[in-house]
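Shown next: final-v2.cif, given as mmCIF, C-alpha atoms and all ligand atoms.
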data_protein
#
loop_
_atom_site.label_atom_id
_atom_site.label_comp_id
_atom_site.auth_asym_id
_atom_site.auth_seq_id
_atom_site.Cartn_x
_atom_site.Cartn_y
_atom_site.Cartn_z
CA MET A 1 43.93 -11.98 2.04
CA GLY A 2 44.59 -15.19 3.93
CA PRO A 3 42.34 -18.23 4.03
CA ASN A 4 39.06 -16.26 4.42
CA PRO A 5 37.02 -15.20 1.38
CA GLY A 6 37.07 -11.49 0.65
CA LEU A 7 35.42 -8.77 -1.38
CA VAL A 8 36.93 -5.53 -2.71
CA LEU A 9 34.38 -2.71 -2.81
CA ASN A 10 34.81 0.27 -5.09
CA ASP A 11 31.19 1.09 -5.81
CA PRO A 12 29.90 4.21 -3.98
CA ALA A 13 26.45 2.73 -3.28
CA LEU A 14 27.85 -0.47 -1.77
CA ILE A 15 30.39 1.50 0.23
CA ALA A 16 27.54 3.65 1.58
CA GLU A 17 25.71 0.47 2.57
CA VAL A 18 28.66 -0.69 4.66
CA TYR A 19 29.66 2.73 6.01
CA GLU A 20 26.50 4.78 6.31
CA SER A 21 23.31 2.72 6.17
CA PRO A 22 21.61 1.26 9.25
CA ARG A 23 23.34 -1.99 8.28
CA ARG A 24 26.73 -0.53 9.20
CA THR A 25 26.76 -2.11 12.66
CA GLU A 26 26.95 -5.51 10.94
CA PHE A 27 30.53 -4.68 9.91
CA GLU A 28 33.39 -4.28 12.37
CA LYS A 29 36.95 -3.23 11.67
CA GLY A 30 38.13 -6.79 12.16
CA ASN A 31 41.77 -7.75 11.91
CA ILE A 32 43.28 -4.31 11.89
CA SER A 33 42.10 -3.66 15.46
CA GLU A 34 43.76 -6.85 16.64
CA GLN A 35 46.92 -6.01 14.72
CA ILE A 36 47.52 -2.53 16.07
CA ARG A 37 45.98 -2.83 19.54
CA PRO A 38 49.12 -3.74 21.50
CA SER A 39 50.66 -0.45 20.34
CA THR A 40 47.62 1.80 20.40
CA THR A 41 45.86 0.66 23.61
CA ASP A 42 42.12 0.13 24.04
CA ASP A 43 41.24 3.67 25.04
CA THR A 44 40.66 5.21 21.61
CA SER A 45 37.83 4.83 19.12
CA PHE A 46 40.21 3.33 16.57
CA THR A 47 39.97 -0.24 17.80
CA ALA A 48 36.56 -0.10 19.54
CA GLU A 49 33.70 -2.26 18.30
CA LEU A 50 30.66 -0.55 16.76
CA ARG A 51 28.44 -2.93 18.67
CA GLY A 52 30.51 -2.49 21.81
CA ASP A 53 31.58 0.81 23.35
CA TRP A 54 32.58 2.65 20.17
CA VAL A 55 30.00 5.44 20.65
CA GLN A 56 31.32 6.28 24.13
CA LYS A 57 34.98 6.08 23.09
CA ARG A 58 34.43 8.18 20.02
CA ALA A 59 32.68 10.87 22.08
CA MET A 60 35.66 10.98 24.47
CA GLU A 61 38.23 11.71 21.73
CA PRO A 62 39.71 15.21 22.14
CA THR A 63 38.77 16.01 18.54
CA ALA A 64 35.12 15.06 19.23
CA ARG A 65 34.65 17.16 22.37
CA PRO A 66 32.33 20.19 22.13
CA TRP A 67 35.33 22.54 22.49
CA ALA A 68 37.35 20.92 19.68
CA ALA A 69 36.84 23.77 17.19
CA GLU A 70 38.04 26.38 19.70
CA SER A 71 41.00 24.20 20.57
CA LEU A 72 41.90 23.90 16.89
CA ALA A 73 41.93 27.67 16.55
CA ASP A 74 44.29 27.88 19.55
CA MET A 75 46.72 25.47 17.92
CA VAL A 76 47.45 27.36 14.73
CA GLY A 77 49.99 29.86 16.13
CA PRO A 78 51.98 27.32 18.20
CA MET A 79 52.02 24.80 15.34
CA GLN A 80 53.18 27.48 12.92
CA ALA A 81 56.07 28.39 15.24
CA ALA A 82 57.08 24.72 15.58
CA ILE A 83 56.89 24.13 11.82
CA SER A 84 58.94 27.26 11.18
CA GLU A 85 61.65 25.94 13.52
CA SER A 86 61.65 22.65 11.63
CA VAL A 87 62.00 24.60 8.37
CA ASP A 88 65.06 26.39 9.83
CA ALA A 89 66.65 23.03 10.64
CA LEU A 90 65.83 21.47 7.26
CA LEU A 91 67.15 24.54 5.41
CA LYS A 92 70.60 23.77 6.83
CA ARG A 93 70.60 20.31 5.27
CA ASP A 94 72.04 19.66 1.79
CA ALA A 95 69.47 16.96 1.15
CA ILE A 96 66.26 15.76 2.71
CA ASP A 97 64.25 12.57 2.46
CA LEU A 98 60.74 13.95 2.46
CA ALA A 99 58.84 11.06 4.06
CA PRO A 100 60.91 10.71 7.28
CA ASP A 101 61.79 14.41 7.53
CA LEU A 102 58.21 15.61 7.16
CA ARG A 103 57.08 12.87 9.54
CA ARG A 104 59.34 14.33 12.21
CA LEU A 105 58.13 17.86 11.43
CA THR A 106 54.57 16.60 11.82
CA PHE A 107 55.33 14.79 15.08
CA ASP A 108 56.82 17.98 16.56
CA ALA A 109 53.90 20.18 15.42
CA PHE A 110 51.43 17.68 16.90
CA SER A 111 53.36 17.70 20.20
CA VAL A 112 53.17 21.46 20.47
CA ALA A 113 49.42 21.31 19.78
CA LEU A 114 48.88 18.51 22.30
CA VAL A 115 51.16 19.44 25.21
CA SER A 116 52.71 22.83 24.29
CA GLU A 117 56.21 21.43 23.79
CA LYS A 118 58.29 19.33 21.46
CA LEU A 119 59.01 15.98 23.06
CA PRO A 120 62.40 14.40 23.81
CA GLU A 121 64.02 12.27 21.09
CA GLN A 122 63.41 9.15 23.18
CA VAL A 123 59.63 9.67 22.96
CA PHE A 124 59.80 9.84 19.16
CA GLU A 125 61.96 6.70 19.07
CA ASP A 126 59.53 4.88 21.35
CA PHE A 127 56.65 5.94 19.11
CA MET A 128 58.42 4.59 16.04
CA LEU A 129 59.22 1.29 17.77
CA LEU A 130 55.55 0.87 18.71
CA ALA A 131 54.50 1.74 15.15
CA LYS A 132 56.98 -0.77 13.70
CA ALA A 133 55.66 -3.44 16.05
CA ALA A 134 52.11 -2.79 14.86
CA ASP A 135 53.26 -2.72 11.24
CA ALA A 136 54.93 -6.12 11.65
CA ARG A 137 51.58 -7.48 12.84
CA ILE A 138 49.70 -5.83 9.94
CA GLN A 139 52.13 -7.30 7.39
CA ALA A 140 52.47 -10.70 9.10
CA LYS A 141 51.85 -13.77 6.96
CA LEU A 142 51.61 -15.94 10.08
CA PRO A 143 48.83 -15.99 12.68
CA LEU A 144 49.41 -13.15 15.15
CA LYS A 145 50.18 -15.49 18.05
CA PHE A 146 53.46 -16.29 16.26
CA VAL A 147 54.47 -12.64 15.80
CA LYS A 148 56.69 -11.67 18.70
CA PRO A 149 56.96 -8.01 19.74
CA PRO A 150 60.37 -6.42 19.01
CA LYS A 151 62.99 -6.23 21.76
CA GLY A 152 62.18 -3.49 24.24
CA PHE A 153 58.51 -3.23 23.21
CA GLU A 154 57.01 -3.22 26.72
CA GLU A 155 59.60 -0.72 28.00
CA ALA A 156 59.02 1.58 25.01
CA LYS A 157 55.26 1.39 25.51
CA ALA A 158 55.54 2.19 29.21
CA ARG A 159 57.86 5.13 28.48
CA PHE A 160 55.76 6.50 25.59
CA TYR A 161 52.41 6.59 27.37
CA GLY A 162 54.10 7.24 30.72
CA HIS A 163 55.53 10.44 29.29
CA PHE A 164 52.01 11.76 28.75
CA VAL A 165 50.88 10.60 32.20
CA ASP A 166 53.76 12.59 33.74
CA ARG A 167 52.79 15.67 31.76
CA ILE A 168 49.16 15.33 32.79
CA ARG A 169 50.16 15.08 36.46
CA GLU A 170 52.35 18.18 36.16
CA ALA A 171 49.56 20.04 34.40
CA ARG A 172 47.08 19.14 37.15
CA LYS A 173 49.43 20.77 39.67
CA ARG A 174 49.59 23.95 37.56
CA HIS A 175 45.78 24.05 37.47
CA GLY A 176 44.44 27.44 36.31
CA SER A 177 47.44 28.45 34.18
CA ARG A 178 45.18 28.52 31.08
CA ALA A 179 47.60 26.84 28.68
CA VAL A 180 45.97 26.40 25.29
CA ASP A 181 47.17 22.91 24.38
CA VAL A 182 44.76 19.99 23.97
CA MET A 183 45.86 18.29 27.21
CA SER A 184 45.29 21.43 29.33
CA ARG A 185 41.97 22.14 27.65
CA TYR A 186 40.82 18.58 28.31
CA LEU A 187 41.80 18.79 31.99
CA GLU A 188 40.02 22.11 32.34
CA GLU A 189 36.82 20.94 30.66
CA GLN A 190 36.76 17.44 32.13
CA PRO A 191 38.93 17.30 35.27
CA GLY A 192 37.54 13.88 36.20
CA ILE A 193 39.20 12.22 33.18
CA ASP A 194 41.48 9.33 34.16
CA ASP A 195 45.19 10.16 33.64
CA GLN A 196 45.91 6.90 31.79
CA VAL A 197 42.92 7.26 29.48
CA LEU A 198 43.86 10.82 28.55
CA ALA A 199 47.50 9.76 28.04
CA HIS A 200 46.34 6.97 25.72
CA MET A 201 44.19 9.35 23.69
CA LEU A 202 46.98 11.94 23.40
CA GLY A 203 49.47 9.26 22.37
CA GLY A 204 46.88 7.82 19.99
CA THR A 205 46.83 11.08 18.03
CA TYR A 206 50.29 10.30 16.63
CA PHE A 207 49.21 6.83 15.48
CA GLY A 208 46.01 8.19 13.95
CA GLY A 209 47.60 11.15 12.26
CA ALA A 210 51.39 11.48 12.06
CA PHE A 211 51.93 9.04 9.17
CA SER A 212 48.85 9.97 7.16
CA SER A 213 49.32 13.74 7.55
CA SER A 214 53.03 13.73 6.69
CA VAL A 215 52.50 11.46 3.69
CA THR A 216 49.87 13.91 2.43
CA LEU A 217 52.49 16.68 2.58
CA VAL A 218 54.98 14.52 0.65
CA GLY A 219 52.35 13.96 -2.06
CA ALA A 220 51.54 17.67 -2.19
CA PHE A 221 55.16 18.78 -2.61
CA HIS A 222 55.80 16.07 -5.18
CA GLN A 223 52.85 17.28 -7.26
CA LEU A 224 53.73 20.96 -6.78
CA ASN A 225 57.15 20.29 -8.30
CA LYS A 226 55.45 18.86 -11.33
CA HIS A 227 53.11 21.85 -11.58
CA PRO A 228 55.17 25.04 -11.08
CA GLN A 229 52.22 27.36 -11.73
CA ALA A 230 50.26 25.78 -8.90
CA ASP A 231 53.37 26.13 -6.72
CA ALA A 232 53.83 29.81 -7.62
CA ARG A 233 50.19 30.51 -6.79
CA LEU A 234 50.63 28.71 -3.48
CA ALA A 235 53.77 30.71 -2.64
CA ALA A 236 51.94 33.98 -3.35
CA GLU A 237 48.90 33.07 -1.25
CA ALA A 238 51.08 31.72 1.57
CA ALA A 239 53.15 34.92 1.63
CA SER A 240 49.98 37.01 1.89
CA LEU A 241 48.94 35.03 4.98
CA MET A 242 52.14 35.81 6.84
CA ASP A 243 51.33 39.47 7.27
CA GLY A 244 50.74 39.26 11.05
CA PRO A 245 50.00 36.09 13.05
CA LEU A 246 48.50 33.13 11.22
CA THR A 247 44.96 32.39 12.39
CA VAL A 248 42.29 29.85 11.61
CA ALA A 249 40.20 32.65 10.03
CA LYS A 250 43.05 33.41 7.64
CA LEU A 251 43.42 29.73 6.83
CA ASP A 252 39.68 29.49 6.15
CA GLY A 253 40.10 32.23 3.54
CA ALA A 254 43.16 30.59 1.95
CA LYS A 255 41.29 28.84 -0.83
CA TRP A 256 44.33 27.82 -2.89
CA VAL A 257 46.08 26.28 0.13
CA GLU A 258 42.93 24.27 0.79
CA ALA A 259 42.54 23.34 -2.89
CA VAL A 260 46.14 22.03 -3.02
CA ILE A 261 45.54 19.85 0.03
CA LEU A 262 42.23 18.47 -1.19
CA GLU A 263 43.68 17.71 -4.60
CA SER A 264 46.68 15.99 -2.98
CA LEU A 265 44.29 13.90 -0.90
CA ARG A 266 42.41 12.98 -4.08
CA VAL A 267 45.40 12.03 -6.23
CA LEU A 268 47.50 10.41 -3.50
CA PRO A 269 45.23 9.44 -0.60
CA ALA A 270 47.45 8.35 2.30
CA VAL A 271 44.89 5.78 3.49
CA ARG A 272 43.77 3.84 0.42
CA VAL A 273 42.38 0.67 1.82
CA MET A 274 40.04 0.31 4.77
CA THR A 275 38.74 -3.01 5.99
CA ARG A 276 35.51 -4.27 7.45
CA THR A 277 34.43 -7.73 8.55
CA PRO A 278 30.88 -9.01 8.97
CA SER A 279 30.34 -10.23 12.52
CA LYS A 280 27.75 -12.75 11.26
CA ASP A 281 27.12 -14.15 7.77
CA ALA A 282 25.98 -11.20 5.64
CA GLN A 283 24.51 -10.62 2.20
CA LEU A 284 26.30 -7.95 0.23
CA ALA A 285 26.47 -7.22 -3.50
CA GLY A 286 24.44 -10.36 -4.16
CA VAL A 287 26.87 -12.69 -2.41
CA THR A 288 26.90 -14.27 1.01
CA LEU A 289 29.91 -13.28 3.04
CA PRO A 290 30.66 -15.61 5.94
CA ALA A 291 31.41 -14.13 9.33
CA GLY A 292 35.07 -13.10 9.42
CA ALA A 293 35.34 -12.49 5.66
CA MET A 294 37.42 -9.50 4.65
CA ILE A 295 35.79 -6.50 2.94
CA MET A 296 38.36 -4.12 1.49
CA ILE A 297 37.06 -0.64 0.76
CA THR A 298 39.26 1.43 -1.48
CA ASN A 299 39.11 5.09 -2.46
CA GLN A 300 41.96 4.81 -4.96
CA HIS A 301 39.85 3.98 -8.04
CA LEU A 302 36.95 6.29 -7.20
CA HIS A 303 39.31 9.23 -6.64
CA ARG A 304 40.51 8.76 -10.21
CA ASP A 305 37.36 7.47 -11.88
CA PRO A 306 37.39 8.91 -15.44
CA ALA A 307 33.59 8.77 -15.56
CA HIS A 308 33.52 11.24 -12.66
CA TRP A 309 36.70 13.32 -12.81
CA PRO A 310 37.85 15.05 -16.00
CA GLU A 311 41.61 14.41 -16.47
CA PRO A 312 41.55 12.16 -13.42
CA ASP A 313 45.29 11.57 -13.22
CA THR A 314 46.23 15.24 -13.34
CA PHE A 315 46.82 17.32 -10.23
CA LYS A 316 44.53 20.32 -10.76
CA PRO A 317 43.74 22.20 -7.54
CA GLU A 318 41.60 24.58 -9.59
CA ARG A 319 38.94 21.89 -9.92
CA ARG A 320 38.13 22.63 -6.26
CA LEU A 321 37.46 26.32 -6.88
CA ASP A 322 34.78 26.15 -9.56
CA GLY A 323 32.16 24.49 -7.37
CA GLY A 324 34.22 21.32 -6.98
CA ALA A 325 34.33 21.52 -3.19
CA VAL A 326 30.50 21.50 -3.17
CA ARG A 327 30.21 18.85 -5.89
CA ASP A 328 32.63 16.45 -4.22
CA PRO A 329 32.80 17.28 -0.50
CA LEU A 330 34.96 15.25 1.85
CA GLY A 331 33.24 11.96 2.62
CA SER A 332 31.24 11.79 -0.61
CA GLY A 333 31.02 8.91 -3.09
CA HIS A 334 34.08 9.79 -5.20
CA PHE A 335 36.12 11.62 -2.57
CA PHE A 336 36.66 10.08 0.85
CA PRO A 337 40.30 10.31 1.93
CA PHE A 338 39.11 10.35 5.57
CA GLY A 339 36.57 7.54 5.07
CA ARG A 340 32.79 7.96 5.01
CA GLY A 341 29.87 8.08 7.43
CA PRO A 342 29.76 8.09 11.25
CA ARG A 343 33.02 6.16 11.56
CA ALA A 344 35.05 8.40 9.27
CA CYS A 345 38.26 9.89 10.64
CA VAL A 346 37.61 11.61 13.96
CA GLY A 347 40.75 13.72 13.44
CA ALA A 348 39.85 15.07 9.98
CA ASP A 349 39.39 18.68 11.14
CA PHE A 350 42.61 18.52 13.13
CA ALA A 351 44.38 17.06 10.09
CA MET A 352 43.04 19.77 7.79
CA VAL A 353 44.12 22.58 10.14
CA PHE A 354 47.55 21.01 10.56
CA LEU A 355 47.95 20.46 6.80
CA LYS A 356 46.91 24.02 5.95
CA THR A 357 49.21 25.47 8.63
CA ALA A 358 52.11 23.32 7.48
CA LEU A 359 51.64 23.95 3.77
CA ALA A 360 51.22 27.71 4.22
CA THR A 361 54.17 28.02 6.62
CA ILE A 362 56.53 25.91 4.53
CA ALA A 363 55.49 27.41 1.18
CA SER A 364 55.81 30.98 2.47
CA ARG A 365 59.41 30.34 3.45
CA VAL A 366 60.88 27.78 1.07
CA LYS A 367 60.57 26.12 -2.28
CA VAL A 368 60.61 22.38 -1.66
CA HIS A 369 62.72 20.98 -4.50
CA VAL A 370 62.02 17.34 -5.25
CA ASP A 371 64.74 15.49 -7.17
CA SER A 372 62.36 13.58 -9.43
CA THR A 373 58.78 14.15 -10.42
CA GLU A 374 58.48 10.61 -11.76
CA PRO A 375 55.93 8.57 -9.77
CA PHE A 376 57.64 7.41 -6.59
CA GLU A 377 57.83 3.89 -5.26
CA GLU A 378 55.24 3.22 -2.60
CA GLY A 379 55.28 0.86 0.33
CA PHE A 380 52.87 0.61 3.23
CA PHE A 381 53.63 1.37 6.84
CA PHE A 382 51.07 1.16 9.64
CA GLY A 383 48.30 0.80 7.03
CA VAL A 384 49.33 4.09 5.39
CA VAL A 385 51.11 4.62 2.08
CA LEU A 386 54.84 5.14 2.53
CA PRO A 387 56.55 7.11 -0.30
CA LYS A 388 60.06 5.79 -0.85
CA GLY A 389 63.11 7.71 -2.04
CA VAL A 390 61.41 11.10 -2.45
CA THR A 391 64.51 13.18 -1.88
CA GLY A 392 65.06 16.88 -2.37
CA LYS A 393 66.05 20.09 -0.69
CA PHE A 394 64.54 23.14 0.97
CA VAL A 395 65.59 26.39 -0.74
CA ALA A 396 64.72 29.71 0.90
CA ARG A 397 62.23 31.63 -1.24
CA THR A 398 64.48 34.70 -1.42
CA ALA A 399 67.40 32.52 -2.55
CA GLN A 400 65.03 30.81 -4.96
CA ALA A 401 63.96 34.17 -6.42
CA SER A 402 67.59 35.19 -7.12
CA LEU A 403 68.29 31.73 -8.59
CA ASP A 404 65.34 32.21 -10.96
CA VAL A 405 66.67 35.64 -11.99
CA ARG A 406 70.14 34.16 -12.66
CA VAL A 407 68.63 31.32 -14.71
CA ARG A 408 66.51 33.80 -16.72
CA SER A 409 69.45 36.11 -17.44
CA ALA A 410 71.87 33.28 -18.37
C1 LIG A 501 45.72 13.30 6.30
C2 LIG A 501 45.54 12.80 7.50
C3 LIG A 501 44.59 11.67 7.83
C4 LIG A 501 44.00 10.75 6.99
C5 LIG A 501 44.14 10.62 5.48
C6 LIG A 501 43.18 9.91 7.83
C7 LIG A 501 42.37 8.88 7.36
C8 LIG A 501 41.52 8.13 8.13
C9 LIG A 501 40.57 7.17 7.63
C10 LIG A 501 40.40 6.81 6.15
C11 LIG A 501 39.90 6.65 8.68
C12 LIG A 501 38.78 5.63 8.62
C13 LIG A 501 39.31 4.24 8.64
C14 LIG A 501 38.23 3.20 8.47
O1 LIG A 501 37.11 3.49 8.01
O2 LIG A 501 38.51 2.05 8.80
C15 LIG A 501 40.44 7.26 9.87
C16 LIG A 501 40.03 6.96 11.17
C17 LIG A 501 40.56 7.54 12.29
N1 LIG A 501 41.47 8.58 12.33
FE1 LIG A 501 42.30 9.51 10.75
N2 LIG A 501 43.30 10.30 9.14
C18 LIG A 501 44.15 11.38 9.19
C19 LIG A 501 44.51 12.11 10.31
C20 LIG A 501 44.12 11.82 11.60
C21 LIG A 501 44.48 12.59 12.76
C22 LIG A 501 45.30 13.88 12.76
C23 LIG A 501 43.93 11.95 13.84
C24 LIG A 501 43.98 12.34 15.29
C25 LIG A 501 43.81 13.59 15.69
C26 LIG A 501 43.23 10.78 13.35
C27 LIG A 501 42.57 9.85 14.14
C28 LIG A 501 41.75 8.85 13.65
C29 LIG A 501 40.98 7.95 14.51
C30 LIG A 501 41.03 7.89 16.04
C31 LIG A 501 40.22 7.15 13.64
C32 LIG A 501 39.25 6.04 14.07
C33 LIG A 501 37.88 6.66 14.22
C34 LIG A 501 36.83 5.63 14.57
O3 LIG A 501 37.04 4.45 14.32
O4 LIG A 501 35.78 6.05 15.07
N3 LIG A 501 43.37 10.74 11.98
N4 LIG A 501 41.41 8.18 9.51
#
Let me see whether you can do it: turn the structure in this file into C-alpha cells.
Ligand code: HEM
Amino acid sequence: MGPNPGLVLNDPALIAEVYESPRRTEFEKGNISEQIRPSTTDDTSFTAELRGDWVQKRAMEPTARPWAAESLADMVGPMQAAISESVDALLKRDAIDLAPDLRRLTFDAFSVALVSEKLPEQVFEDFMLLAKAADARIQAKLPLKFVKPPKGFEEAKARFYGHFVDRIREARKRHGSRAVDVMSRYLEEQPGIDDQVLAHMLGGTYFGGAFSSSVTLVGAFHQLNKHPQADARLAAEAASLMDGPLTVAKLDGAKWVEAVILESLRVLPAVRVMTRTPSKDAQLAGVTLPAGAMIMITNQHLHRDPAHWPEPDTFKPERRLDGGAVRDPLGSGHFFPFGRGPRACVGADFAMVFLKTALATIASRVKVHVDSTEPFEEGFFFGVVLPKGVTGKFVARTAQASLDVRVRSA
C-alpha cells in the first residue's frame, strides 16, 4: 500500500458511509485515476473528481443518456451476430485460452454495438498497448514520474482515439441514415457533441468494460463445467431463445441466463477491490485517516460471507430464483460487483445486456469445455482479475449431443 496508512473495508455499513451517505464527497478515487489517466483520457466519468466535474461527465456518458435503454435494445441483434461469428472462428480451433479469446470476442461485440462494425486488428493492438501502459502504472512500485510509457504509446493513443474521430466524422456526413449504433444515436440526439469528447467516451467503453465483462464470462464457463446440471439448464433455455431474433424482451424473460451471470458475479467478481482516498483528514471506523490515505473496499468477502449466504463457496444460480434477486439486488450490502451508490458502474446495464447476449448465444451453439475445474490462478490486469491458464475448447452442441450418446452407450 506504499508509505501512506490504509484501511480495508469489508463492512456493509462502513462501505455505505463511503459510497452512499452524504459524506461520500469526502472520498475521491485517488491514485487509480492518476494511474490510468494517460490511457483513458479526461473525458469520462472514470477519472473525474466527485468534487470537480464528475456530475457533468457522468451525465454525458452514452450509458447515462436518457435514450440509453432504447439503445441497449437496439444492440442485442448486432451483438448476437458478432458473437456468433466469433463462435464460428473459435469452433475451428483445437484449443482456446478463455481469458484472451473471450476478451477479443467481447471487444468485437462492443465495437458492433458502438460503431456498427468490428474494428481493424491495429485498433485492438493499440487498445491493448494503452491498457498495458496503464497496468504498468497501477502495478508500479516506484513513484509514477519514474514509470515511462512503453515504446509507441503516443502513436498508439493517437491512432486508437483517432479511429473513433474518423468514424464520427464519416457518420456526420451520412447524417439521417438512422444507424442504430451508440455513436450514431449520440450524434442524432446531441449533434453539438465535440468529436474528440465522443471519441474518448466511445474508446473509454473498452477500458471500462472489455476486461471485466470477458473475465465474468470466463468465470461463468469455468463454474458451468463444474456444475453440468446448471449448464444443461442453460443450454435448454438458450436454445429456446433462438427461435427467431434475440431481443431484449426475450433476454428479460431468460431467468436462468440472468441467474448464471449474477451467480458468476457473486462467486468471481471481476472487480474485487475499489479504492477511495480522503481529500482531507477524515474520521472513519473510529480512526483518523490522513488526507491521501488509501481506503480499499472489497466485495470478495461479503460475496461469500457464510453468515449471509448459505453454502457461500458453491455456485448455485438457483439461489437467485427463490427471491434471491430481491433479497440481494445488485448494489446491496452483500452483493455489489458493480460497486454501490451514485458512483457505481455507469455501464452496468450495458454489461448485463452484453453478458446475457453472449452467454445465451454461446450456450445455444456450443458446450464450452474447460480443461480443469480446479480453481484457476489469478493475476490482476488493469485493476481487474485476470484468470490464467483457463484453457479448453468449443464443441458444437450437436456434436456434443452425439458424443454424450456414444459415451452413454460405451
Ligand atoms: C462485468 C462487467 C463490469 C464490471 C464488473 C464493472 C465494475 C465496475 C465497478 C466495481 C465500478 C466502480 C468502481 C469504483 O467504485 O471505484 C465501475 C465503474 C465504472 N464502470 Fe464498470 N464494470 C463493468 C462493465 C462496464 C462497462 C461495459 C462499461 C462501459 C459501458 C463500464 C464503465 C464504467 C465507468 C465509466 C465507471 C466509472 C463510473 C464513475 O466513476 O462514475 N463498466 N465498474
| task | Produce as a PyMOL selection string the set of residues near ligand LIG 501 (chain A), where near means within 7 Å with all atoms listed in the file considered. | result | chain A and resi 29+44-48+54+58+63+205-206+208-210+212-213+216+269-271+274-275+337-340+343-348+350-351
query = Near A:Ala134, within 9 Å and counting only C-alpha atoms, which residues show up once chain neighbours fewer than 3 positions away are dropped, as a ChimeraX atom specification?
reply = /A:35-40,129-131,137-139,149,382
Please provide as a list in words all residues within 12 Å of A:Pro317, with the sequence filter that same-chain residues fewer than 6 positions apart are discarded (counting all atoms listed in the file). Ala220, Gln223, Leu224, His227, Gln229, Ala230, Asp231, Arg233, Leu234, Lys255, Trp256, Val257, Glu258, Ala259, Val260, Ile261, Leu262, Glu263, Ser264, Leu265, Arg266, Val267, Gly323, Gly324 and Ala325 of chain A
Go through stretch 17-82 of chain A residue by residue and, counting all atoms listed in the file, keep those with an atom at most 12 Å from stretch 115-126 of chain A; for each kept residue give the shortest atom pair and its distance in Å to one decimal, ordered by chain and increasing number, as a tab-separated table.
residue	atom	partner	partner_atom	distance
A:Ser39	CA	A:Asp126	CA	10.4
A:Asp74	CA	A:Ser116	CA	10.9
A:Met75	CA	A:Ser116	CA	9.1
A:Val76	CA	A:Ser116	CA	11.8
A:Gly77	CA	A:Ser116	CA	11.1
A:Pro78	CA	A:Ser116	CA	7.6
A:Met79	CA	A:Ser116	CA	9.2
A:Ala81	CA	A:Glu117	CA	11.0
A:Ala82	CA	A:Lys118	CA	8.1
Give me a file of those residues, with C-alpha atoms, as a JSON list (two decimals), keeping the file's coordinate frame.
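To be explicit, this is the file written out as part20.json:
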[["chain", "number", "residue", "atom", "x", "y", "z"],
["A", 39, "SER", "CA", 50.66, -0.45, 20.34],
["A", 74, "ASP", "CA", 44.29, 27.88, 19.55],
["A", 75, "MET", "CA", 46.72, 25.47, 17.92],
["A", 76, "VAL", "CA", 47.45, 27.36, 14.73],
["A", 77, "GLY", "CA", 49.99, 29.86, 16.13],
["A", 78, "PRO", "CA", 51.98, 27.32, 18.20],
["A", 79, "MET", "CA", 52.02, 24.80, 15.34],
["A", 81, "ALA", "CA", 56.07, 28.39, 15.24],
["A", 82, "ALA", "CA", 57.08, 24.72, 15.58]]
Closest of A:Gly392, A:Pro290, A:Pro5, A:Pro387 to A:Gly219 - atom-to-atom distances counting only C-alpha atoms: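 Closest candidate: A:Pro387.
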If you count only C-alpha atoms, which residues fall within 7 Å of stretch 93-108 of chain A, apart from same-chain ones fewer than 2 positions away, as a PDB file with C-alpha atoms, in the coordinates of the input?
ATOM      1  CA  ALA A  82      57.080  24.720  15.580  1.00  0.00           C
ATOM      2  CA  ILE A  83      56.890  24.130  11.820  1.00  0.00           C
ATOM      3  CA  SER A  86      61.650  22.650  11.630  1.00  0.00           C
ATOM      4  CA  LEU A  90      65.830  21.470   7.260  1.00  0.00           C
ATOM      5  CA  LEU A  91      67.150  24.540   5.410  1.00  0.00           C
ATOM      6  CA  PHE A 110      51.430  17.680  16.900  1.00  0.00           C
ATOM      7  CA  SER A 111      53.360  17.700  20.200  1.00  0.00           C
ATOM      8  CA  VAL A 112      53.170  21.460  20.470  1.00  0.00           C
ATOM      9  CA  LYS A 118      58.290  19.330  21.460  1.00  0.00           C
ATOM     10  CA  TYR A 206      50.290  10.300  16.630  1.00  0.00           C
ATOM     11  CA  ALA A 210      51.390  11.480  12.060  1.00  0.00           C
ATOM     12  CA  PHE A 211      51.930   9.040   9.170  1.00  0.00           C
ATOM     13  CA  SER A 214      53.030  13.730   6.690  1.00  0.00           C
ATOM     14  CA  VAL A 215      52.500  11.460   3.690  1.00  0.00           C
ATOM     15  CA  VAL A 218      54.980  14.520   0.650  1.00  0.00           C
ATOM     16  CA  PRO A 387      56.550   7.110  -0.300  1.00  0.00           C
ATOM     17  CA  GLY A 389      63.110   7.710  -2.040  1.00  0.00           C
ATOM     18  CA  VAL A 390      61.410  11.100  -2.450  1.00  0.00           C
ATOM     19  CA  THR A 391      64.510  13.180  -1.880  1.00  0.00           C
ATOM     20  CA  GLY A 392      65.060  16.880  -2.370  1.00  0.00           C
ATOM     21  CA  LYS A 393      66.050  20.090  -0.690  1.00  0.00           C
TER      22      LYS A 393
END
Could you check how far atom CA of A:Leu72 sits from atom CA of A:Asp194, in Å to one decimal?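 Separation between atom CA of A:Leu72 and atom CA of A:Asp194: 22.6 Å.
The nearest approach to A:Lys145 among the residues A:Thr298, A:Tyr161, A:Glu34, A:Glu188, with all atoms listed in the file taken into account, belongs to A:Glu34.
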Query raised in the report: So which one's closest to A:Ala235, A:Arg397, A:Phe146, A:Arg167, A:Val353? Using all atoms listed in the file, please.
Result: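 For A:Ala235, the nearest of the given residues is A:Arg397.
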- Query: Which polymer residues have any atom within 8 Å of an atom of A:Val182, counting all atoms listed in the file, with same-chain residues fewer than 6 positions away left out, as a list in words?
  - Reply: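 Those residues are Pro62, Ser71, Ala113, Leu114 and Val115 of chain A.
Our summary of the geometry notes that atom CA of A:Pro342 is positioned 19.7 Å from atom CA of A:Val326.
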Test item: axis-aligned box, all listed atoms of stretch 257-261 of chain A, 4 Å on each side, centre and edges in Å rounded to one decimal, as JSON:
{"center_x": 44.3, "center_y": 23.1, "center_z": -1.1, "size_x": 11.6, "size_y": 14.4, "size_z": 11.8}
8 Å contact set for A:Leu241, only C-alpha atoms, chain neighbours under 6 positions out, as a PDB file with C-alpha atoms, in the coordinates of the input:
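Now in around-v3.pdb:
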ATOM      1  CA  LYS A 250      43.050  33.410   7.640  1.00  0.00           C
ATOM      2  CA  LEU A 251      43.420  29.730   6.830  1.00  0.00           C
ATOM      3  CA  ALA A 254      43.160  30.590   1.950  1.00  0.00           C
ATOM      4  CA  ALA A 360      51.220  27.710   4.220  1.00  0.00           C
TER       5      ALA A 360
END
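In this structure, atom CA of A:Ala109 sits 28.6 Å away from atom CA of A:Val55.
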